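Undergrad: Coordinates in my_file_19.tsv, TSV, C-alpha atoms and all ligand atoms, are listed below.
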```tsv
chain	number	residue	atom	x	y	z
A	1	MET	CA	109.30	70.52	119.74
A	2	ARG	CA	105.80	71.74	118.96
A	3	LYS	CA	103.11	70.36	121.27
A	4	PRO	CA	100.25	68.76	119.32
A	5	ILE	CA	96.96	70.63	119.69
A	6	ILE	CA	93.53	69.13	119.12
A	7	ALA	CA	90.74	71.71	119.29
A	8	GLY	CA	87.01	71.04	119.18
A	9	ASN	CA	85.03	73.75	117.42
A	10	TRP	CA	81.47	73.33	118.66
A	11	LYS	CA	80.18	76.00	116.26
A	12	MET	CA	76.57	77.01	117.09
A	13	ASN	CA	75.77	73.78	118.92
A	14	LYS	CA	74.86	72.87	122.53
A	15	THR	CA	72.50	74.78	124.79
A	16	TYR	CA	73.72	75.58	128.29
A	17	SER	CA	72.10	72.40	129.63
A	18	GLU	CA	73.49	70.23	126.85
A	19	ALA	CA	76.93	71.79	127.28
A	20	LYS	CA	76.86	71.01	130.98
A	21	GLU	CA	76.36	67.31	130.21
A	22	LEU	CA	79.07	67.17	127.56
A	23	LEU	CA	81.60	69.16	129.61
A	24	LYS	CA	81.08	66.88	132.61
A	25	GLU	CA	81.76	63.90	130.36
A	26	ILE	CA	84.86	65.59	128.93
A	27	ALA	CA	86.11	66.43	132.44
A	28	ALA	CA	85.92	62.73	133.30
A	29	LEU	CA	87.96	61.56	130.28
A	30	GLU	CA	91.50	60.28	130.49
A	31	LEU	CA	93.28	62.43	127.98
A	32	ASN	CA	96.91	62.23	126.91
A	33	SER	CA	98.62	65.12	128.68
A	34	GLU	CA	101.27	65.36	125.93
A	35	VAL	CA	98.56	66.66	123.65
A	36	GLU	CA	96.99	70.04	124.20
A	37	ALA	CA	93.22	69.51	124.30
A	38	VAL	CA	90.97	72.51	123.65
A	39	VAL	CA	87.21	72.97	123.47
A	40	CYS	CA	85.64	76.01	121.82
A	41	PRO	CA	81.97	76.27	122.83
A	42	PRO	CA	79.66	79.21	121.98
A	43	PHE	CA	80.11	82.37	124.10
A	44	THR	CA	77.13	81.48	126.33
A	45	ASN	CA	78.93	78.35	127.53
A	46	LEU	CA	82.46	79.70	128.03
A	47	ALA	CA	82.19	80.49	131.75
A	48	LEU	CA	80.54	77.11	132.31
A	49	ALA	CA	83.35	75.37	130.42
A	50	LYS	CA	86.01	77.12	132.51
A	51	GLU	CA	84.22	76.08	135.69
A	52	LEU	CA	83.61	72.44	134.75
A	53	LEU	CA	87.09	71.90	133.28
A	54	LYS	CA	89.00	73.67	136.05
A	55	ASP	CA	90.56	70.48	137.42
A	56	THR	CA	91.59	69.17	133.99
A	57	ASN	CA	94.23	70.06	131.39
A	58	VAL	CA	91.58	70.92	128.83
A	59	GLU	CA	91.87	74.54	127.67
A	60	VAL	CA	88.92	76.65	126.59
A	61	GLY	CA	88.75	78.71	123.40
A	62	ALA	CA	86.21	81.12	121.93
A	63	GLN	CA	84.99	81.06	118.33
A	64	ASN	CA	85.39	84.77	117.66
A	65	ALA	CA	86.20	88.12	119.29
A	66	TYR	CA	85.91	91.77	118.31
A	67	PHE	CA	88.95	93.98	117.78
A	68	GLU	CA	88.00	96.71	120.24
A	69	ASN	CA	88.36	96.27	123.98
A	70	SER	CA	85.09	97.94	125.04
A	71	GLY	CA	82.52	100.50	123.99
A	72	ALA	CA	79.45	100.99	121.84
A	73	PHE	CA	79.64	97.82	119.72
A	74	THR	CA	76.29	96.15	120.37
A	75	GLY	CA	76.42	92.40	120.11
A	76	GLU	CA	80.19	92.05	120.07
A	77	VAL	CA	82.50	90.35	122.59
A	78	SER	CA	85.83	91.89	123.61
A	79	PRO	CA	89.12	89.99	123.94
A	80	VAL	CA	89.41	91.60	127.39
A	81	PHE	CA	86.24	89.78	128.51
A	82	LEU	CA	87.65	86.50	127.23
A	83	LYS	CA	90.97	87.07	128.97
A	84	ASP	CA	89.17	87.83	132.24
A	85	LEU	CA	87.28	84.51	131.99
A	86	GLY	CA	90.54	82.61	131.63
A	87	ILE	CA	90.04	81.76	127.98
A	88	LYS	CA	93.26	80.81	126.20
A	89	TYR	CA	92.43	80.45	122.49
A	90	VAL	CA	90.28	82.36	120.00
A	91	ILE	CA	89.35	80.92	116.61
A	92	LEU	CA	89.51	83.75	114.07
A	93	GLY	CA	88.66	83.98	110.39
A	94	HIS	CA	86.78	80.67	110.21
A	95	SER	CA	85.43	80.25	106.66
A	96	GLU	CA	81.87	80.36	108.03
A	97	ARG	CA	82.58	83.81	109.52
A	98	ARG	CA	84.17	84.97	106.29
A	99	GLU	CA	81.33	83.63	104.16
A	100	TYR	CA	78.15	84.22	106.21
A	101	PHE	CA	79.19	87.24	108.26
A	102	GLY	CA	81.28	89.10	105.71
A	103	GLU	CA	84.52	89.12	107.70
A	104	THR	CA	87.36	90.52	105.65
A	105	ASP	CA	91.08	89.89	105.95
A	106	GLU	CA	91.37	93.45	107.25
A	107	ASP	CA	88.93	92.68	110.11
A	108	ILE	CA	90.74	89.44	110.83
A	109	ASN	CA	94.12	91.19	110.93
A	110	LYS	CA	92.77	93.65	113.52
A	111	LYS	CA	91.23	90.82	115.52
A	112	ILE	CA	94.50	88.85	115.59
A	113	LYS	CA	96.34	91.91	116.91
A	114	ALA	CA	93.64	92.62	119.53
A	115	VAL	CA	93.63	89.02	120.74
A	116	LEU	CA	97.45	88.82	120.90
A	117	SER	CA	97.61	92.06	122.84
A	118	GLN	CA	95.54	90.40	125.58
A	119	GLY	CA	97.89	87.42	125.72
A	120	LEU	CA	95.35	85.13	124.04
A	121	VAL	CA	96.33	82.73	121.27
A	122	PRO	CA	94.58	83.15	117.92
A	123	ILE	CA	93.74	80.09	115.84
A	124	LEU	CA	93.68	81.65	112.39
A	125	CYS	CA	91.72	79.67	109.80
A	126	VAL	CA	92.66	79.81	106.12
A	127	GLY	CA	91.66	77.65	103.18
A	128	GLU	CA	90.48	77.48	99.60
A	129	THR	CA	87.15	76.68	97.94
A	130	LEU	CA	86.70	73.65	95.69
A	131	GLU	CA	86.78	75.86	92.59
A	132	GLU	CA	90.08	77.35	93.70
A	133	ARG	CA	91.56	73.90	94.31
A	134	GLU	CA	90.38	72.62	90.94
A	135	ALA	CA	91.82	75.69	89.23
A	136	GLU	CA	95.14	74.99	91.02
A	137	LYS	CA	94.81	78.25	92.88
A	138	ALA	CA	94.70	76.82	96.41
A	139	GLN	CA	98.19	77.96	97.44
A	140	GLU	CA	97.65	81.38	95.93
A	141	LYS	CA	94.42	81.81	97.93
A	142	VAL	CA	96.00	80.67	101.20
A	143	GLU	CA	99.04	82.88	100.66
A	144	THR	CA	96.84	85.92	100.00
A	145	GLN	CA	94.96	85.27	103.26
A	146	LEU	CA	98.16	84.74	105.27
A	147	LYS	CA	99.77	87.92	103.95
A	148	ALA	CA	96.75	90.08	104.77
A	149	ASP	CA	95.84	88.42	108.08
A	150	PHE	CA	99.41	88.62	109.47
A	151	GLU	CA	100.18	92.11	108.15
A	152	GLY	CA	102.24	94.09	110.68
A	153	LEU	CA	102.90	91.22	113.09
A	154	ASP	CA	106.24	90.60	114.72
A	155	ALA	CA	108.28	87.39	114.31
A	156	SER	CA	108.31	86.81	118.09
A	157	GLN	CA	104.50	86.50	118.15
A	158	PHE	CA	104.38	83.25	116.19
A	159	GLU	CA	105.15	81.20	119.25
A	160	ASN	CA	101.64	82.19	120.36
A	161	ILE	CA	99.84	81.72	117.08
A	162	VAL	CA	98.09	78.65	115.68
A	163	ILE	CA	97.14	78.42	112.00
A	164	ALA	CA	94.37	76.04	110.91
A	165	TYR	CA	94.41	74.99	107.28
A	166	GLU	CA	90.78	74.22	106.52
A	167	PRO	CA	89.90	73.58	102.88
A	168	ILE	CA	86.32	74.86	102.66
A	169	TRP	CA	85.17	71.90	100.59
A	170	ALA	CA	86.20	69.51	103.37
A	171	ILE	CA	84.32	71.23	106.21
A	172	GLY	CA	81.29	69.29	107.42
A	173	THR	CA	81.14	67.36	104.15
A	174	GLY	CA	82.75	64.09	105.17
A	175	LYS	CA	85.37	64.73	102.45
A	176	THR	CA	88.82	65.04	103.96
A	177	ALA	CA	91.83	66.32	102.11
A	178	SER	CA	94.24	63.41	101.68
A	179	ALA	CA	96.91	63.43	104.37
A	180	GLU	CA	99.43	64.16	101.58
A	181	ASP	CA	97.50	67.19	100.28
A	182	ALA	CA	97.00	68.47	103.83
A	183	GLU	CA	100.73	68.05	104.53
A	184	GLU	CA	101.65	69.78	101.29
A	185	MET	CA	99.59	72.85	102.18
A	186	CYS	CA	100.76	72.91	105.80
A	187	ALA	CA	104.38	72.76	104.59
A	188	PHE	CA	103.59	75.61	102.20
A	189	ILE	CA	102.12	77.64	105.08
A	190	ARG	CA	105.21	77.03	107.23
A	191	GLN	CA	107.44	78.06	104.33
A	192	HIS	CA	105.42	81.26	103.94
A	193	VAL	CA	105.89	82.05	107.65
A	194	GLU	CA	109.63	81.38	107.27
A	195	ASN	CA	109.93	83.63	104.21
A	196	THR	CA	108.04	86.45	105.90
A	197	PHE	CA	108.95	86.17	109.59
A	198	GLY	CA	112.06	83.96	109.69
A	199	LYS	CA	113.06	80.41	110.57
A	200	ASP	CA	112.44	80.66	114.29
A	201	ALA	CA	108.83	81.85	113.79
A	202	ALA	CA	108.25	79.03	111.27
A	203	GLU	CA	109.61	76.40	113.64
A	204	LYS	CA	107.46	77.60	116.52
A	205	VAL	CA	104.11	78.28	114.85
A	206	ARG	CA	101.68	75.38	115.19
A	207	ILE	CA	99.67	74.39	112.14
A	208	GLN	CA	96.46	72.36	112.31
A	209	TYR	CA	94.46	70.67	109.62
A	210	GLY	CA	90.68	70.94	109.77
A	211	GLY	CA	87.86	69.54	107.64
A	212	SER	CA	86.06	66.26	108.45
A	213	VAL	CA	88.71	65.03	110.88
A	214	LYS	CA	87.33	61.92	112.61
A	215	PRO	CA	88.68	59.30	115.02
A	216	ASN	CA	89.41	57.04	112.02
A	217	ASN	CA	91.58	59.48	110.09
A	218	VAL	CA	93.19	61.60	112.83
A	219	LYS	CA	96.21	59.32	113.30
A	220	GLU	CA	97.26	59.47	109.66
A	221	ILE	CA	96.81	63.24	109.54
A	222	MET	CA	98.79	63.69	112.75
A	223	SER	CA	101.64	61.55	111.41
A	224	LYS	CA	102.63	64.29	108.96
A	225	GLU	CA	105.67	66.40	109.67
A	226	ASN	CA	104.11	69.82	109.25
A	227	ILE	CA	100.74	69.04	110.84
A	228	ASP	CA	100.77	69.82	114.54
A	229	GLY	CA	97.10	69.39	115.30
A	230	ALA	CA	93.51	69.31	114.18
A	231	LEU	CA	90.57	71.68	114.37
A	232	VAL	CA	87.51	69.48	114.57
A	233	GLY	CA	83.84	70.35	114.25
A	234	GLY	CA	81.29	67.51	114.12
A	235	ALA	CA	83.44	64.80	115.71
A	236	SER	CA	84.20	66.98	118.76
A	237	LEU	CA	80.56	67.13	119.89
A	238	GLU	CA	80.56	63.76	121.59
A	239	ALA	CA	82.86	62.84	124.51
A	240	ASN	CA	84.05	59.41	123.31
A	241	SER	CA	84.87	60.65	119.88
A	242	TYR	CA	86.60	63.75	121.36
A	243	SER	CA	88.69	61.45	123.54
A	244	GLU	CA	89.70	59.30	120.56
A	245	LEU	CA	90.78	62.45	118.73
A	246	VAL	CA	92.89	63.80	121.59
A	247	ASN	CA	94.37	60.36	122.30
A	248	PHE	CA	95.21	59.76	118.63
A	301	LIG	P1	84.19	69.55	110.59
A	301	LIG	O1	84.46	71.12	110.86
A	301	LIG	O2	85.19	68.79	111.41
A	301	LIG	O3	82.78	69.32	111.03
A	301	LIG	O4	84.40	69.33	109.12
A	301	LIG	C1	85.75	71.63	110.98
A	301	LIG	C2	85.72	73.12	111.19
A	301	LIG	O5	84.93	73.81	110.55
A	301	LIG	O6	86.50	73.66	112.02
```
If you convert what's in this file into structure tokens, what do you get?
TA:
Amino acid sequence: MRKPIIAGNWKMNKTYSEAKELLKEIAALELNSEVEAVVCPPFTNLALAKELLKDTNVEVGAQNAYFENSGAFTGEVSPVFLKDLGIKYVILGHSERREYFGETDEDINKKIKAVLSQGLVPILCVGETLEEREAEKAQEKVETQLKADFEGLDASQFENIVIAYEPIWAIGTGKTASAEDAEEMCAFIRQHVENTFGKDAAEKVRIQYGGSVKPNNVKEIMSKENIDGALVGGASLEANSYSELVNF
């Protein structure tokens, strides 16, 4: 059985002081322990999050990492630093990183390997643009990303990998993919993992949907067979709404 995983992607939101408030509220929530709850604040709030959530089951994730462990890479953050802080998850290849910061599938592939080698769990984001969906090229796009991003990985690693299907047109727009469309793509992703890495890898890998997930649509999305979780931006920035998401 795959444990459901609800992860809040704070993106570039919350100062240290604001994060302190929100994390204290999150620490006081009653969250369903059968669901893995994760928060992914900006780097400047990661140590704070670890400290304030230490007596809870809420795990902490980062929003990016570099693929080298140390050295002359001004401005980058190493997976070793994240590991040392007790971080468990690292979001990689988010469409905003691909689009605004020029991250390529080659970079993302190196980052996945670097993160896995530290025992951290990557949350790999894939997804199509609206034009690609309208041209019926959504599956082709996602498959191209999966092939390149997972190049050279081993079947046994999929137990420690999360994939987030995030159609770009649904992120921050209030437009959600229908639960059926989300399920169709997540099933396609699982089939791709099975074809490439085998049945066991496909059964173990957890697949999230992301893109305008809210308390009022999370239950329907989570009812789908191939959807094991959600990656949530906007609706994860407020404690009550975060609690409704985790306690779907
Ligand atoms: P959203 O963002 O929930 O605000 O649409 C999701 C994401 O980008 O991970």
Undergrad: Smallest atom-to-atom distance to Glu203 of chain A: which of A:Arg133, A:Lys111, A:Lys141, A:Arg190, using only C-alpha atoms?
TA: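 Selected residue with least distance to Glu203 of chain A: A:Arg190.
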Undergrad: For segment 212-215 of chain A, list every protein, DNA or RNA residue within 7 Å, evaluated using all atoms listed in the file, and leave out those in the same chain fewer than 5 positions away; present the list as a PyMOL selection string.
TA: chain A and resi 170-176+232+235+241+244-245
Undergrad: Give the answer as one residue: which of A:Asp181, A:Glu131, A:Asp154, A:Glu96 has the shortest atom-to-atom distance to ligand LIG 301 (chain A), using all atoms listed in the file?
TA: A:Glu96
Undergrad: Between A:Lys110, A:Arg2, A:Lys83, A:His94, which is the closest to ligand LIG 301 (chain A) once you count all atoms listed in the file?
TA: A:His94
Undergrad: Enclose ligand LIG 301 (chain A), meaning all of its atoms listed in the file, in a box aligned along x, y and z, pad it by 5 Å on each side, and list the centre and edge lengths in Å to one decimal, as JSON.
TA:
```
{"center_x": 84.6, "center_y": 71.3, "center_z": 110.6, "size_x": 13.7, "size_y": 15.0, "size_z": 12.9}
```
Undergrad: Leaving out Ile189 of chain A and any residue of its chain fewer than 4 positions from it, which residues lie within 8 Å of it when counting all atoms listed in the file, given as a PyMOL selection string?
TA: chain A and resi 142-143+185+193
Undergrad: Just the selected residues (C-alpha atoms), exported as an mmCIF file, in the coordinates of the input, please.
TA:
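After the write, part_20.cif holds the following:
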```
data_model
loop_
_atom_site.group_PDB
_atom_site.id
_atom_site.type_symbol
_atom_site.label_atom_id
_atom_site.label_comp_id
_atom_site.auth_asym_id
_atom_site.auth_seq_id
_atom_site.Cartn_x
_atom_site.Cartn_y
_atom_site.Cartn_z
ATOM 1 C CA VAL A 142 96.000 80.670 101.200
ATOM 2 C CA GLU A 143 99.040 82.880 100.660
ATOM 3 C CA MET A 185 99.590 72.850 102.180
ATOM 4 C CA VAL A 193 105.890 82.050 107.650
#
```
Undergrad: Report the distance between atom CA of Val38 of chain A and atom CA of Ile91 of chain A in Å, rounded to one decimal place.
TA: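 Going from atom CA of Val38 of chain A over to atom CA of Ile91 of chain A covers 11.1 Å.
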Undergrad: Find the residues near Ala179 of chain A: any atom within 10 Å, counting all atoms listed in the file, skip ones fewer than 5 places away on the same chain, and give them as a PDB file with C-alpha atoms, keeping the file's coordinate frame.
TA:
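See part_27.pdb below for the written result:
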```pdb
ATOM      1  CA  GLU A 184     101.650  69.780 101.290  1.00  0.00           C
ATOM      2  CA  TYR A 209      94.460  70.670 109.620  1.00  0.00           C
ATOM      3  CA  ASN A 217      91.580  59.480 110.090  1.00  0.00           C
ATOM      4  CA  VAL A 218      93.190  61.600 112.830  1.00  0.00           C
ATOM      5  CA  LYS A 219      96.210  59.320 113.300  1.00  0.00           C
ATOM      6  CA  GLU A 220      97.260  59.470 109.660  1.00  0.00           C
ATOM      7  CA  ILE A 221      96.810  63.240 109.540  1.00  0.00           C
ATOM      8  CA  MET A 222      98.790  63.690 112.750  1.00  0.00           C
ATOM      9  CA  SER A 223     101.640  61.550 111.410  1.00  0.00           C
ATOM     10  CA  LYS A 224     102.630  64.290 108.960  1.00  0.00           C
ATOM     11  CA  ILE A 227     100.740  69.040 110.840  1.00  0.00           C
TER      12      ILE A 227
END
```
Undergrad: Phe197 of chain A: which residues within 9 Å, counting all atoms listed in the file, same-chain residues fewer than 2 positions away excluded, as a list in words?
TA: Leu153, Asp154, Ala155, Ser156, Phe158, His192, Val193, Glu194, Asn195, Lys199, Asp200, Ala201 and Ala202 of chain A
Undergrad: Write out the residues from the selection above, keeping C-alpha atoms, as a compact mmCIF listing (two decimals), in the frame of the given file.
TA:
```
# COMPACT_ATOMS: atom_id res chain seq x y z
CA LEU A 153 102.90 91.22 113.09
CA ASP A 154 106.24 90.60 114.72
CA ALA A 155 108.28 87.39 114.31
CA SER A 156 108.31 86.81 118.09
CA PHE A 158 104.38 83.25 116.19
CA HIS A 192 105.42 81.26 103.94
CA VAL A 193 105.89 82.05 107.65
CA GLU A 194 109.63 81.38 107.27
CA ASN A 195 109.93 83.63 104.21
CA LYS A 199 113.06 80.41 110.57
CA ASP A 200 112.44 80.66 114.29
CA ALA A 201 108.83 81.85 113.79
CA ALA A 202 108.25 79.03 111.27
```
Undergrad: Would you kindly return, as a PyMOL selection string, each protein, DNA or RNA residue with an atom no farther than 12 Å from any atom of Lys113 of chain A, considering all atoms listed in the file and excluding same-chain residues fewer than 5 positions away?
TA: chain A and resi 65-69+79+90+92+106-108+118-122+124+149-154+157-158+160-161
Undergrad: Hey, can you check how far atom CA of Tyr100 of chain A sits from atom CA of Cys125 of chain A?
TA: 14.8 Å
Undergrad: Using all atoms listed in the file and a cutoff of 12 Å, can you tell me which residues are near (77.6, 73.0, 130.3) in the file's coordinates, and write them out as a list of chain:residue names?
TA: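 Those residues lying close to the given coordinates are A:Asn13, A:Lys14, A:Thr15, A:Tyr16, A:Ser17, A:Glu18, A:Ala19, A:Lys20, A:Glu21, A:Leu22, A:Leu23, A:Lys24, A:Glu25, A:Ile26, A:Ala27, A:Val39, A:Pro41, A:Pro42, A:Phe43, A:Thr44, A:Asn45, A:Leu46, A:Ala47, A:Leu48, A:Ala49, A:Lys50, A:Glu51, A:Leu52, A:Leu53.
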Undergrad: Just give me the gap between atom CA of Ile5 of chain A and atom CA of Gly229 of chain A in Å, one decimal is fine.
TA: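 Atom CA of Gly229 of chain A lies 4.6 Å from atom CA of Ile5 of chain A.
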Undergrad: Between A:Glu128, A:Asp228, A:Asn247, A:Lys11, which has the minimum distance to ligand LIG 301 (chain A) (counting all atoms listed in the file)?
TA: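 That would be A:Lys11, the residue with the smallest distance to ligand LIG 301 (chain A).
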Undergrad: Rank A:Thr56, A:Ser95, A:Thr129, A:Thr104 by their smallest atom-to-atom distance to ligand LIG 301 (chain A), using all atoms listed in the file, and report the top residue only.
TA: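 Answer, going by the shortest atom-to-atom distance: A:Ser95.
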Undergrad: Between A:Leu130, A:Ala182, A:Ala135, A:Ala148, which is the closest to Ile112 of chain A once you count all atoms listed in the file?
TA: A:Ala148
